[in-house]
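> One file: data.csv (CSV, C-alpha atoms).
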```csv
chain,number,residue,atom,x,y,z
S,1,MET,CA,2.8,-104.6,-2.4
S,2,LYS,CA,5.9,-102.8,-3.6
S,3,PHE,CA,8.0,-100.8,-1.1
S,4,ASN,CA,6.4,-97.3,-0.9
S,5,LEU,CA,8.2,-94.5,1.0
S,6,GLY,CA,4.9,-92.6,1.4
S,7,LEU,CA,3.3,-95.5,3.2
S,8,LEU,CA,6.5,-95.8,5.3
S,9,ALA,CA,6.3,-92.2,6.4
S,10,LEU,CA,2.6,-92.6,7.3
S,11,ALA,CA,3.5,-95.7,9.3
S,12,VAL,CA,6.1,-93.7,11.2
S,13,GLY,CA,3.4,-91.2,12.2
S,14,ALA,CA,1.1,-94.1,13.1
S,15,PHE,CA,3.8,-95.6,15.3
S,16,GLY,CA,4.2,-92.4,17.3
S,17,ILE,CA,0.5,-92.1,17.8
S,18,GLY,CA,0.3,-95.7,18.8
S,19,VAL,CA,2.9,-95.2,21.5
S,20,THR,CA,1.4,-92.1,22.9
S,21,GLU,CA,-2.1,-93.7,23.0
S,22,PHE,CA,-1.2,-97.0,24.6
S,23,ALA,CA,1.9,-96.3,26.7
S,24,PRO,CA,0.2,-94.3,29.5
S,25,MET,CA,-1.7,-97.5,30.5
S,26,GLY,CA,1.6,-99.0,31.4
S,27,MET,CA,2.8,-95.8,33.0
S,28,LEU,CA,-0.2,-95.2,35.2
S,29,PRO,CA,1.3,-96.4,38.5
S,30,VAL,CA,4.4,-94.3,38.0
S,31,ILE,CA,2.4,-91.2,37.0
S,32,ALA,CA,0.0,-91.6,39.9
S,33,GLY,CA,2.8,-92.0,42.4
S,34,ASP,CA,4.7,-89.0,41.1
S,35,LEU,CA,1.7,-86.6,40.9
S,36,HIS,CA,0.2,-88.0,44.1
S,37,VAL,CA,-3.1,-89.0,42.6
S,38,SER,CA,-5.0,-92.3,42.7
S,39,ILE,CA,-4.8,-95.0,39.9
S,40,PRO,CA,-8.4,-94.3,38.8
S,41,ALA,CA,-7.6,-90.5,38.6
S,42,ALA,CA,-4.5,-91.3,36.5
S,43,GLY,CA,-6.7,-93.5,34.4
S,44,LEU,CA,-8.8,-90.5,33.5
S,45,LEU,CA,-5.8,-89.3,31.4
S,46,VAL,CA,-6.6,-92.3,29.1
S,47,SER,CA,-10.2,-91.3,29.0
S,48,ALA,CA,-9.4,-87.7,28.3
S,49,TYR,CA,-7.3,-88.7,25.3
S,50,ALA,CA,-10.1,-90.8,23.9
S,51,MET,CA,-12.6,-88.0,24.3
S,52,GLY,CA,-10.1,-85.6,22.7
S,53,VAL,CA,-10.0,-87.9,19.7
S,54,LEU,CA,-13.8,-87.9,19.4
S,55,ILE,CA,-13.9,-84.1,19.5
S,56,GLY,CA,-10.7,-83.5,17.4
S,57,ALA,CA,-11.6,-85.9,14.6
S,58,PRO,CA,-14.5,-83.9,13.1
S,59,LEU,CA,-13.2,-80.5,14.2
S,60,MET,CA,-9.8,-80.9,12.5
S,61,THR,CA,-11.1,-82.6,9.4
S,62,LEU,CA,-13.9,-80.1,8.7
S,63,THR,CA,-11.7,-77.0,9.3
S,64,THR,CA,-8.8,-78.2,7.1
S,65,GLY,CA,-10.7,-79.6,4.0
S,66,ARG,CA,-9.0,-77.2,1.6
S,67,ILE,CA,-5.4,-77.6,2.8
S,68,ASP,CA,-2.9,-79.7,0.9
S,69,ARG,CA,-3.0,-83.2,2.3
S,70,ARG,CA,0.8,-83.4,2.8
S,71,THR,CA,0.9,-80.0,4.6
S,72,LEU,CA,-2.1,-81.1,6.7
S,73,LEU,CA,-0.5,-84.4,7.8
S,74,ILE,CA,2.8,-82.6,8.7
S,75,ALA,CA,0.8,-80.0,10.7
S,76,LEU,CA,-1.1,-82.7,12.5
S,77,MET,CA,2.1,-84.4,13.6
S,78,GLY,CA,3.3,-81.0,14.7
S,79,ILE,CA,0.3,-80.9,17.1
S,80,PHE,CA,1.3,-84.4,18.2
S,81,THR,CA,4.9,-83.3,18.9
S,82,LEU,CA,3.8,-80.2,20.8
S,83,GLY,CA,1.3,-82.2,23.0
S,84,ASN,CA,4.0,-84.8,23.9
S,85,ALA,CA,6.5,-82.0,24.6
S,86,LEU,CA,4.0,-80.4,27.0
S,87,SER,CA,3.5,-83.7,28.7
S,88,ALA,CA,7.2,-84.0,29.2
S,89,VAL,CA,7.4,-80.7,31.1
S,90,ALA,CA,4.0,-81.0,32.9
S,91,ASP,CA,4.5,-80.1,36.6
S,92,GLY,CA,1.1,-81.2,37.8
S,93,TYR,CA,-1.9,-83.4,37.1
S,94,TRP,CA,-4.1,-80.8,35.3
S,95,MET,CA,-1.3,-79.6,33.1
S,96,LEU,CA,-0.7,-83.2,32.0
S,97,MET,CA,-4.4,-83.6,31.4
S,98,ALA,CA,-4.4,-80.6,29.2
S,99,ALA,CA,-1.3,-81.8,27.3
S,100,ARG,CA,-3.0,-85.2,26.7
S,101,VAL,CA,-6.0,-83.5,25.2
S,102,VAL,CA,-3.8,-81.3,22.9
S,103,THR,CA,-2.0,-84.5,21.8
S,104,SER,CA,-5.2,-86.3,21.0
S,105,PHE,CA,-6.5,-83.6,18.6
S,106,ASN,CA,-4.2,-84.9,15.8
S,107,HIS,CA,-5.2,-88.5,16.2
S,108,GLY,CA,-8.5,-88.9,14.3
S,109,ALA,CA,-7.7,-86.5,11.5
S,110,PHE,CA,-4.2,-88.0,10.9
S,111,PHE,CA,-5.5,-91.6,10.6
S,112,GLY,CA,-8.6,-90.5,8.7
S,113,VAL,CA,-6.8,-88.3,6.1
S,114,GLY,CA,-3.8,-90.7,6.2
S,115,SER,CA,-6.1,-93.6,5.3
S,116,VAL,CA,-7.4,-91.8,2.3
S,117,VAL,CA,-3.9,-90.7,1.2
S,118,ALA,CA,-2.5,-94.2,1.7
S,119,ALA,CA,-5.3,-95.7,-0.5
S,120,SER,CA,-4.5,-93.1,-3.2
S,121,LEU,CA,-0.8,-94.1,-3.4
S,122,VAL,CA,-1.6,-97.6,-4.7
S,123,PRO,CA,-3.7,-99.3,-7.4
S,124,PRO,CA,-7.4,-99.7,-6.6
S,125,ASP,CA,-7.1,-103.5,-5.8
S,126,LYS,CA,-4.4,-102.8,-3.2
S,127,ARG,CA,-6.3,-100.1,-1.2
S,128,ALA,CA,-7.0,-102.1,1.9
S,129,GLY,CA,-3.4,-103.4,1.9
S,130,ALA,CA,-2.2,-99.8,1.8
S,131,VAL,CA,-4.4,-98.8,4.8
S,132,ALA,CA,-3.1,-101.8,6.6
S,133,ALA,CA,0.5,-100.8,5.8
S,134,MET,CA,0.0,-97.4,7.5
S,135,PHE,CA,-1.7,-99.1,10.5
S,136,THR,CA,1.4,-101.4,10.8
S,137,GLY,CA,3.0,-98.5,12.6
S,138,LEU,CA,0.3,-98.7,15.2
S,139,THR,CA,0.8,-102.4,15.7
S,140,VAL,CA,4.6,-102.2,15.8
S,141,ALA,CA,4.2,-99.6,18.5
S,142,THR,CA,2.5,-102.3,20.7
S,143,ILE,CA,5.5,-104.6,20.2
S,144,GLY,CA,8.4,-102.3,20.8
S,145,GLY,CA,7.3,-98.7,21.4
S,146,VAL,CA,4.9,-99.2,24.3
S,147,PRO,CA,7.1,-101.6,26.3
S,148,ALA,CA,10.1,-99.3,25.7
S,149,ALA,CA,8.2,-96.3,26.9
S,150,THR,CA,6.9,-98.2,30.0
S,151,TRP,CA,10.5,-99.3,30.8
S,152,VAL,CA,11.9,-95.7,30.4
S,153,SER,CA,9.1,-94.4,32.6
S,154,GLU,CA,10.1,-96.8,35.4
S,155,ALA,CA,13.9,-96.5,34.9
S,156,ILE,CA,14.3,-92.8,34.2
S,157,GLY,CA,10.9,-91.2,34.5
S,158,TRP,CA,7.6,-90.8,32.7
S,159,ARG,CA,8.5,-87.3,31.5
S,160,THR,CA,11.5,-88.7,29.7
S,161,ALA,CA,9.3,-91.2,28.0
S,162,PHE,CA,7.0,-88.4,26.7
S,163,ALA,CA,10.1,-86.5,25.5
S,164,GLY,CA,11.2,-89.5,23.5
S,165,ILE,CA,7.7,-89.8,22.0
S,166,ALA,CA,7.9,-86.1,21.0
S,167,GLY,CA,11.1,-86.9,19.2
S,168,VAL,CA,9.3,-89.6,17.2
S,169,GLY,CA,6.8,-86.9,16.1
S,170,ALA,CA,9.6,-84.7,14.8
S,171,ILE,CA,11.0,-87.6,12.8
S,172,ALA,CA,7.5,-88.3,11.4
S,173,MET,CA,7.2,-84.7,10.3
S,174,LEU,CA,10.5,-84.8,8.4
S,175,SER,CA,9.6,-88.2,6.9
S,176,LEU,CA,6.2,-87.0,5.6
S,177,ARG,CA,7.8,-83.9,4.1
S,178,LEU,CA,10.4,-85.9,2.2
S,179,ALA,CA,8.4,-89.0,1.2
S,180,LEU,CA,5.0,-87.6,0.1
S,181,PRO,CA,4.5,-85.4,-3.0
S,182,PRO,CA,2.3,-82.3,-2.8
S,183,LEU,CA,-1.3,-83.5,-2.5
S,184,PRO,CA,-3.8,-80.8,-3.2
S,185,ALA,CA,-7.2,-81.2,-1.6
S,186,ALA,CA,-9.9,-82.7,-3.9
S,187,GLU,CA,-11.7,-80.1,-6.0
S,188,GLY,CA,-15.4,-79.6,-5.1
S,189,GLY,CA,-15.1,-81.0,-1.6
S,190,ASP,CA,-16.8,-78.9,1.1
S,191,MET,CA,-18.0,-79.1,4.6
S,192,ARG,CA,-21.6,-79.7,3.7
S,193,ALA,CA,-20.8,-82.6,1.5
S,194,GLU,CA,-18.7,-84.2,4.2
S,195,LEU,CA,-21.5,-83.7,6.8
S,196,ARG,CA,-24.2,-85.1,4.5
S,197,VAL,CA,-22.3,-88.3,4.2
S,198,LEU,CA,-22.7,-88.9,7.9
S,199,THR,CA,-26.4,-89.1,7.5
S,200,ARG,CA,-26.2,-92.1,5.2
S,201,GLY,CA,-27.5,-95.4,6.7
S,202,PRO,CA,-24.5,-97.5,5.6
S,203,VAL,CA,-22.0,-95.0,7.0
S,204,VAL,CA,-23.8,-94.8,10.4
S,205,MET,CA,-24.0,-98.6,10.4
S,206,ALA,CA,-20.3,-98.9,9.7
S,207,LEU,CA,-19.4,-96.4,12.5
S,208,ALA,CA,-21.5,-98.3,14.9
S,209,LEU,CA,-19.9,-101.6,13.9
S,210,THR,CA,-16.4,-100.1,14.6
S,211,THR,CA,-17.5,-98.9,18.0
S,212,ILE,CA,-18.9,-102.2,19.2
S,213,GLY,CA,-16.4,-104.4,17.5
S,214,PHE,CA,-13.3,-102.7,18.8
S,215,GLY,CA,-15.0,-102.2,22.2
S,216,GLY,CA,-14.6,-105.9,22.6
S,217,VAL,CA,-10.8,-105.6,22.3
S,218,PHE,CA,-10.4,-102.9,25.0
S,219,THR,CA,-12.9,-104.5,27.4
S,220,VAL,CA,-10.1,-107.0,28.1
S,221,PHE,CA,-6.9,-105.2,27.0
S,222,THR,CA,-7.4,-102.3,29.4
S,223,TYR,CA,-7.2,-104.8,32.3
S,224,ILE,CA,-4.7,-107.3,30.8
S,225,VAL,CA,-2.0,-106.4,33.3
S,226,PRO,CA,-4.1,-107.2,36.5
S,227,ILE,CA,-5.4,-110.3,34.7
S,228,LEU,CA,-1.9,-111.6,34.0
S,229,ARG,CA,-0.7,-110.7,37.5
S,230,ASP,CA,-3.6,-111.8,39.6
S,231,VAL,CA,-5.2,-114.7,37.6
S,232,THR,CA,-2.2,-116.1,35.6
S,233,HIS,CA,0.2,-115.2,38.5
S,234,GLY,CA,2.8,-114.0,35.9
S,235,SER,CA,6.0,-112.3,36.8
S,236,THR,CA,6.8,-108.8,35.6
S,237,GLY,CA,8.9,-110.3,32.8
S,238,TYR,CA,6.0,-112.6,31.8
S,239,VAL,CA,3.6,-109.7,31.7
S,240,THR,CA,6.0,-107.7,29.5
S,241,ALA,CA,6.4,-110.6,27.2
S,242,MET,CA,2.7,-111.1,26.9
S,243,LEU,CA,2.2,-107.5,26.0
S,244,MET,CA,4.8,-107.9,23.3
S,245,LEU,CA,3.2,-111.1,22.1
S,246,PHE,CA,-0.1,-109.3,21.8
S,247,GLY,CA,1.7,-106.7,19.7
S,248,VAL,CA,3.2,-109.5,17.5
S,249,GLY,CA,-0.3,-110.9,17.0
S,250,ALA,CA,-1.6,-107.4,16.2
S,251,THR,CA,1.0,-106.9,13.5
S,252,ILE,CA,0.3,-110.2,11.9
S,253,GLY,CA,-3.4,-109.6,12.1
S,254,ASN,CA,-3.1,-106.1,10.6
S,255,GLY,CA,-1.4,-107.6,7.5
S,256,VAL,CA,-3.8,-110.5,7.3
S,257,GLY,CA,-6.8,-108.2,7.6
S,258,GLY,CA,-5.6,-106.0,4.8
S,259,ARG,CA,-5.2,-108.9,2.4
S,260,LEU,CA,-8.5,-110.4,3.3
S,261,ALA,CA,-10.3,-107.1,3.0
S,262,ASP,CA,-8.9,-106.6,-0.5
S,263,ARG,CA,-10.9,-109.8,-1.4
S,264,SER,CA,-14.0,-109.1,0.7
S,265,VAL,CA,-14.5,-106.6,3.5
S,266,ASP,CA,-17.5,-108.3,5.1
S,267,ARG,CA,-16.1,-111.8,4.9
S,268,ALA,CA,-12.9,-110.6,6.6
S,269,LEU,CA,-14.9,-109.0,9.4
S,270,MET,CA,-17.2,-112.0,9.9
S,271,THR,CA,-14.3,-114.4,10.1
S,272,MET,CA,-12.2,-112.3,12.5
S,273,LEU,CA,-15.0,-111.2,14.8
S,274,ALA,CA,-16.0,-114.9,15.2
S,275,ILE,CA,-12.5,-115.8,16.0
S,276,MET,CA,-12.1,-113.0,18.5
S,277,ALA,CA,-15.4,-113.8,20.3
S,278,LEU,CA,-14.5,-117.5,20.6
S,279,THR,CA,-10.9,-116.7,21.7
S,280,LEU,CA,-12.1,-114.3,24.5
S,281,LEU,CA,-14.7,-116.8,25.6
S,282,ALA,CA,-11.9,-119.5,25.9
S,283,PHE,CA,-9.5,-117.0,27.5
S,284,ALA,CA,-11.8,-116.7,30.6
S,285,VAL,CA,-10.6,-120.3,31.4
S,286,LEU,CA,-7.2,-120.3,29.6
S,287,MET,CA,-5.9,-117.3,31.5
S,288,GLN,CA,-5.3,-119.5,34.6
S,289,TRP,CA,-2.2,-121.1,33.1
S,290,PRO,CA,0.8,-119.2,31.5
S,291,ALA,CA,1.2,-121.4,28.4
S,292,THR,CA,-2.5,-121.4,27.5
S,293,ALA,CA,-2.9,-117.7,28.2
S,294,ALA,CA,0.0,-117.0,25.8
S,295,ILE,CA,-1.6,-119.0,23.0
S,296,ALA,CA,-5.0,-117.2,23.6
S,297,ILE,CA,-3.3,-113.7,23.7
S,298,LEU,CA,-1.5,-114.4,20.4
S,299,ILE,CA,-4.7,-115.5,18.6
S,300,TRP,CA,-6.7,-112.6,20.2
S,301,GLY,CA,-4.1,-110.1,19.0
S,302,ILE,CA,-4.3,-111.4,15.5
S,303,ALA,CA,-8.1,-111.3,15.3
S,304,SER,CA,-8.3,-108.0,17.1
S,305,PHE,CA,-6.2,-106.1,14.6
S,306,ALA,CA,-7.3,-108.1,11.6
S,307,ILE,CA,-10.6,-106.3,11.9
S,308,VAL,CA,-9.0,-102.8,11.7
S,309,PRO,CA,-8.4,-102.5,7.9
S,310,PRO,CA,-11.8,-103.9,6.9
S,311,LEU,CA,-13.6,-101.7,9.4
S,312,GLN,CA,-11.8,-98.6,8.0
S,313,MET,CA,-12.4,-99.7,4.4
S,314,ARG,CA,-16.1,-100.3,5.1
S,315,VAL,CA,-16.5,-96.7,6.2
S,316,MET,CA,-14.4,-95.3,3.3
S,317,ASP,CA,-16.4,-97.3,0.8
S,318,ALA,CA,-19.7,-96.2,2.2
S,319,ALA,CA,-18.6,-92.6,2.0
S,320,SER,CA,-16.5,-92.9,-1.2
S,321,ASP,CA,-17.5,-89.5,-2.6
S,322,ALA,CA,-16.6,-87.5,0.6
S,323,PRO,CA,-14.5,-89.9,2.6
S,324,ASN,CA,-12.3,-87.6,4.8
S,325,LEU,CA,-14.7,-86.8,7.6
S,326,ALA,CA,-16.2,-90.3,7.7
S,327,SER,CA,-12.8,-91.8,7.8
S,328,ALA,CA,-11.7,-89.6,10.6
S,329,MET,CA,-15.0,-90.2,12.5
S,330,ASN,CA,-14.3,-93.9,12.2
S,331,ILE,CA,-11.0,-93.4,14.1
S,332,GLY,CA,-13.1,-91.6,16.7
S,333,ALA,CA,-15.4,-94.6,16.7
S,334,PHE,CA,-12.4,-96.9,17.5
S,335,ASN,CA,-11.6,-94.6,20.5
S,336,LEU,CA,-15.3,-94.5,21.6
S,337,GLY,CA,-15.1,-98.3,21.5
S,338,ASN,CA,-12.0,-98.1,23.6
S,339,ALA,CA,-13.8,-96.0,26.2
S,340,ILE,CA,-16.9,-98.2,26.2
S,341,GLY,CA,-14.9,-101.3,26.5
S,342,ALA,CA,-12.8,-99.9,29.4
S,343,ALA,CA,-16.0,-98.8,31.2
S,344,LEU,CA,-17.6,-102.2,30.6
S,345,GLY,CA,-14.6,-104.1,32.0
S,346,GLY,CA,-14.3,-101.7,34.9
S,347,GLY,CA,-18.0,-102.2,35.7
S,348,VAL,CA,-17.6,-106.0,35.7
S,349,ILE,CA,-14.7,-105.6,38.1
S,350,GLY,CA,-16.5,-103.1,40.3
S,351,ALA,CA,-19.5,-105.4,40.5
S,352,GLY,CA,-17.2,-108.1,42.0
S,353,LEU,CA,-17.7,-110.5,39.2
S,354,GLY,CA,-14.0,-111.3,38.9
S,355,LEU,CA,-11.4,-110.8,36.2
S,356,PRO,CA,-12.3,-113.9,34.1
S,357,THR,CA,-15.7,-112.4,33.6
S,358,VAL,CA,-14.1,-109.4,31.9
S,359,SER,CA,-13.0,-111.7,29.1
S,360,LEU,CA,-16.6,-113.0,28.8
S,361,ALA,CA,-17.8,-109.4,28.5
S,362,GLY,CA,-15.3,-108.7,25.7
S,363,ALA,CA,-16.5,-111.9,24.0
S,364,ALA,CA,-20.1,-110.7,24.3
S,365,LEU,CA,-19.3,-107.3,22.6
S,366,ALA,CA,-17.4,-109.1,19.7
S,367,ALA,CA,-20.4,-111.4,19.3
S,368,ALA,CA,-22.7,-108.4,19.3
S,369,ALA,CA,-20.6,-106.8,16.5
S,370,LEU,CA,-20.8,-110.0,14.5
S,371,ALA,CA,-24.6,-110.1,14.9
S,372,MET,CA,-24.8,-106.4,13.8
S,373,LEU,CA,-22.8,-107.1,10.7
S,374,MET,CA,-25.0,-110.0,9.7
S,375,ALA,CA,-28.1,-107.9,10.3
S,376,PHE,CA,-26.7,-105.0,8.2
S,377,ARG,CA,-25.9,-107.4,5.3
S,378,ARG,CA,-29.6,-108.5,5.3
S,379,GLN,CA,-30.8,-104.9,4.9
S,380,PRO,CA,-31.3,-103.6,1.3
S,381,SER,CA,-29.3,-100.5,2.1
S,382,ALA,CA,-26.2,-102.6,2.9
S,383,ALA,CA,-25.7,-102.9,-0.8
S,384,ALA,CA,-24.5,-99.4,-0.8
S,385,CYS,CA,-21.4,-100.5,1.1
S,386,PRO,CA,-19.3,-102.7,-1.2
S,387,SER,CA,-18.0,-105.9,0.3
```
Please express the file's structure as C-alpha cells.

Amino acid sequence: MKFNLGLLALAVGAFGIGVTEFAPMGMLPVIAGDLHVSIPAAGLLVSAYAMGVLIGAPLMTLTTGRIDRRTLLIALMGIFTLGNALSAVADGYWMLMAARVVTSFNHGAFFGVGSVVAASLVPPDKRAGAVAAMFTGLTVATIGGVPAATWVSEAIGWRTAFAGIAGVGAIAMLSLRLALPPLPAAEGGDMRAELRVLTRGPVVMALALTTIGFGGVFTVFTYIVPILRDVTHGSTGYVTAMLMLFGVGATIGNGVGGRLADRSVDRALMTMLAIMALTLLAFAVLMQWPATAAIAILIWGIASFAIVPPLQMRVMDAASDAPNLASAMNIGAFNLGNAIGAALGGGVIGAGLGLPTVSLAGAALAAAALAMLMAFRRQPSAAACPS
C-alpha cells in the first residue's frame, strides 16, 4: 500500500487512544498508592473506561451522523485531549474516575468512523489493509507508548504521564486537520437506518464473535505482569521487555491480519483464532521458563492482533449500507470482550486455581470464538457477510 498521509493521521489518533487505554494497567500501583485506594479499586478505572466506550460508541455515532467526517474525528480527539488533561489535574479518585469516563467517550466513535474513513481512502481491494494501517497506531502504542507512560508514572508521576498523553491528542487533532480532506457525511444516512442494521443476524453474529474472540486476549493480558513476576520469576526489566515483545507481535499481527483479510476475512479469523487458542494452551506450561515464555508471548501477540482487522471488516461488510454505528459498536464489542476477559481471569485467580489456569481460560474463549465462527459459516444467513 502506498504511503497515505490520511492513514498516518488516523494512526496517530489510534496511538494516543492505545496509550490511554492500556497504560493505566501498568500505572495501577502508583495511582493506588498516591490516591490511597486498593489495587482492585484502582482497577475499576480500567473497567470504567471500558464501560464508557460501550456507552459512548453508539451515543456519539448516532448523534453526529450528519457532521463532516474530518470535523467529527478532530472533535473526538478534542474529547480525548480534554479527558486526559482532566486526568492530569485530578486531585482525587472520583475526579480521576470521571476524567477516564470522559476520555472513553471518543474511543468507539473514533475507531468506528475512522475505520470507514480509512477504507474510503484506498481502492476496494485494499480496504482491510487500510483499516490495519490505522490500527497500527494502537499496536505501536503497546511497544513504545505504554512502557514509556508506565516509566514516566514511576519516575515523575502518573499525572505527568496523562499530561503527555493529552499532548499526543493535540498532535493528532492537528494531523487530522492537515492530512484529511473535507469528508461530508454520506447522503441519505439517518439514525433509523443505522439502528436497523444492528437487528441483522450477520451483524449481531459478528459483534458476538468480536466480544468472545478478543475476550480471550484480555483474560490473560490483564494479568500478564503477575504471571511474569510470580510464575516466570522475571525481573522488572524482563517484564518490561515482555510487554514490548507482545507489542512487537501485535504490530506484526496487525499487518498480517490486514493482508490475510483482504484475501478472505473468515479464513484469516479461523487461522489466527486457532493459533491463539493453541498458544495460550501451551503458555500455561511455557510460562514457567523465561525463554519459552518469550516465544509464546510473541506468537500470542501476533495472533491476538491479527484477528483485529478481519473482525472489524466482518462487521463493516455485514453492515455495508450503514456501517458507521455497527463499526463503532464493534469497537465497543472489543472493550466488552476486554471486560469479560478481565473478569474471567480475575474469577479464576479468586477461585484459587492458580495463574497458569488463567491462560487455559483464555484459550477456552479463543476456542469458543473459533467454534462460533464455524457455526456461523454453516448458517445460510452467513452468506450475507462476505468472506
> Considering only C-alpha atoms, return as number ranges by chain whatever protein or nucleic-acid residues lie within 7 Å of region 123-135 of chain S, sequence-local ones (same chain, fewer than 5 positions apart) excluded.
S: 7, 10-11, 14, 115, 118, 254-255, 258-259, 261-262, 309, 313
> Could you state the separation of CA of Ala206 (chain S) and CA of Met270 (chain S) in Å, given to one decimal place?
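According to the coordinates, CA of Ala206 (chain S) and CA of Met270 (chain S) are separated by 13.5 Å.
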> Go through S:Asn324, S:Gly201, S:Gly43, S:Leu336 one by one, measure the shortest atom-to-atom distance of each to Met25 (chain S) using all atoms listed in the file, and give the residue with the smallest value.
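Closest candidate: S:Gly43.
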> Restricting the calculation to only C-alpha atoms: of S:Val358, S:Val315, S:Ile340, S:Met27, which residue gets closest to Met205 (chain S)?
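Nearest to Met205 (chain S): S:Val315.
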> If we count all atoms listed in the file, what is near Leu360 (chain S) at a cut-off of 10 Å, once residues fewer than 6 positions away on the same chain are taken out, given as JSON, numbers by chain?
{"S": [216, 219, 220, 277, 278, 279, 280, 281, 282, 283, 284, 285, 345, 348, 366]}
> Which one of S:Val146, S:Leu28, S:Ala85, S:Val12 sits closest to Arg159 (chain S) if you count only C-alpha atoms?
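Using only C-alpha atoms, Arg159 (chain S) sits closest to S:Ala85.
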> List as CSV every residue of region 298-344 of chain S that is in contact with region 227-246 of chain S, defined as an atom at most 10 Å from one of its atoms (using all atoms listed in the file), together with the nearest atom pair and the distance in Å rounded to one decimal, sorted by chain and then rising number.

```
residue,atom,partner,partner_atom,distance
S:Leu298,CA,S:Phe246,CA,5.5
S:Ile299,CA,S:Phe246,CA,8.4
S:Trp300,CA,S:Phe246,CA,7.6
S:Gly301,CA,S:Phe246,CA,4.9
S:Ile302,CA,S:Phe246,CA,7.9
S:Ser304,CA,S:Phe246,CA,9.5
S:Phe305,CA,S:Phe246,CA,10.0
```
> Between CA of Arg377 (chain S) and CA of Asn335 (chain S), what distance in Å does the model show, to one decimal?
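Spanning CA of Arg377 (chain S) to CA of Asn335 (chain S) is a straight-line distance of 24.5 Å.
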> Any idea what's packed within 12 Å of Val89 (chain S), counting only C-alpha atoms, ignoring anything in its chain fewer than 2 positions away? Could you give it as a PDB file with C-alpha atoms, in the frame of the given file?

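Output saved as selection15.pdb:
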```
ATOM      1  CA  LEU S  82       3.800 -80.200  20.800  1.00  0.00           C
ATOM      2  CA  GLY S  83       1.300 -82.200  23.000  1.00  0.00           C
ATOM      3  CA  ASN S  84       4.000 -84.800  23.900  1.00  0.00           C
ATOM      4  CA  ALA S  85       6.500 -82.000  24.600  1.00  0.00           C
ATOM      5  CA  LEU S  86       4.000 -80.400  27.000  1.00  0.00           C
ATOM      6  CA  SER S  87       3.500 -83.700  28.700  1.00  0.00           C
ATOM      7  CA  ASP S  91       4.500 -80.100  36.600  1.00  0.00           C
ATOM      8  CA  GLY S  92       1.100 -81.200  37.800  1.00  0.00           C
ATOM      9  CA  TYR S  93      -1.900 -83.400  37.100  1.00  0.00           C
ATOM     10  CA  MET S  95      -1.300 -79.600  33.100  1.00  0.00           C
ATOM     11  CA  LEU S  96      -0.700 -83.200  32.000  1.00  0.00           C
ATOM     12  CA  ALA S  98      -4.400 -80.600  29.200  1.00  0.00           C
ATOM     13  CA  ALA S  99      -1.300 -81.800  27.300  1.00  0.00           C
ATOM     14  CA  GLY S 157      10.900 -91.200  34.500  1.00  0.00           C
ATOM     15  CA  TRP S 158       7.600 -90.800  32.700  1.00  0.00           C
ATOM     16  CA  ARG S 159       8.500 -87.300  31.500  1.00  0.00           C
ATOM     17  CA  THR S 160      11.500 -88.700  29.700  1.00  0.00           C
ATOM     18  CA  ALA S 161       9.300 -91.200  28.000  1.00  0.00           C
ATOM     19  CA  PHE S 162       7.000 -88.400  26.700  1.00  0.00           C
ATOM     20  CA  ALA S 163      10.100 -86.500  25.500  1.00  0.00           C
ATOM     21  CA  ALA S 166       7.900 -86.100  21.000  1.00  0.00           C
TER      22      ALA S 166
END
```
> Fix up region 125-133 of chain S with N, CA, C and O atoms, then write it as a compact mmCIF listing (two decimals), in the frame of the given file.

```txt
# COMPACT_ATOMS: atom_id res chain seq x y z
N ASP S 125 -6.96 -102.15 -6.44
CA ASP S 125 -7.10 -103.50 -5.80
C ASP S 125 -6.17 -103.69 -4.65
O ASP S 125 -6.17 -104.76 -4.04
N LYS S 126 -5.38 -102.66 -4.29
CA LYS S 126 -4.40 -102.80 -3.20
C LYS S 126 -4.77 -101.77 -2.07
O LYS S 126 -3.97 -101.56 -1.15
N ARG S 127 -5.96 -101.15 -2.12
CA ARG S 127 -6.30 -100.10 -1.20
C ARG S 127 -6.30 -100.50 0.26
O ARG S 127 -5.74 -99.85 1.14
N ALA S 128 -6.96 -101.62 0.54
CA ALA S 128 -7.00 -102.10 1.90
C ALA S 128 -5.63 -102.46 2.44
O ALA S 128 -5.30 -102.22 3.61
N GLY S 129 -4.82 -103.04 1.56
CA GLY S 129 -3.40 -103.40 1.90
C GLY S 129 -2.63 -102.12 2.27
O GLY S 129 -1.80 -102.13 3.17
N ALA S 130 -2.89 -101.03 1.53
CA ALA S 130 -2.20 -99.80 1.80
C ALA S 130 -2.59 -99.20 3.15
O ALA S 130 -1.75 -98.70 3.91
N VAL S 131 -3.89 -99.25 3.44
CA VAL S 131 -4.40 -98.80 4.80
C VAL S 131 -3.74 -99.63 5.86
O VAL S 131 -3.29 -99.12 6.89
N ALA S 132 -3.67 -100.94 5.63
CA ALA S 132 -3.10 -101.80 6.60
C ALA S 132 -1.58 -101.51 6.79
O ALA S 132 -1.06 -101.57 7.91
N ALA S 133 -0.90 -101.14 5.70
CA ALA S 133 0.50 -100.80 5.80
C ALA S 133 0.72 -99.59 6.70
O ALA S 133 1.66 -99.54 7.50
```
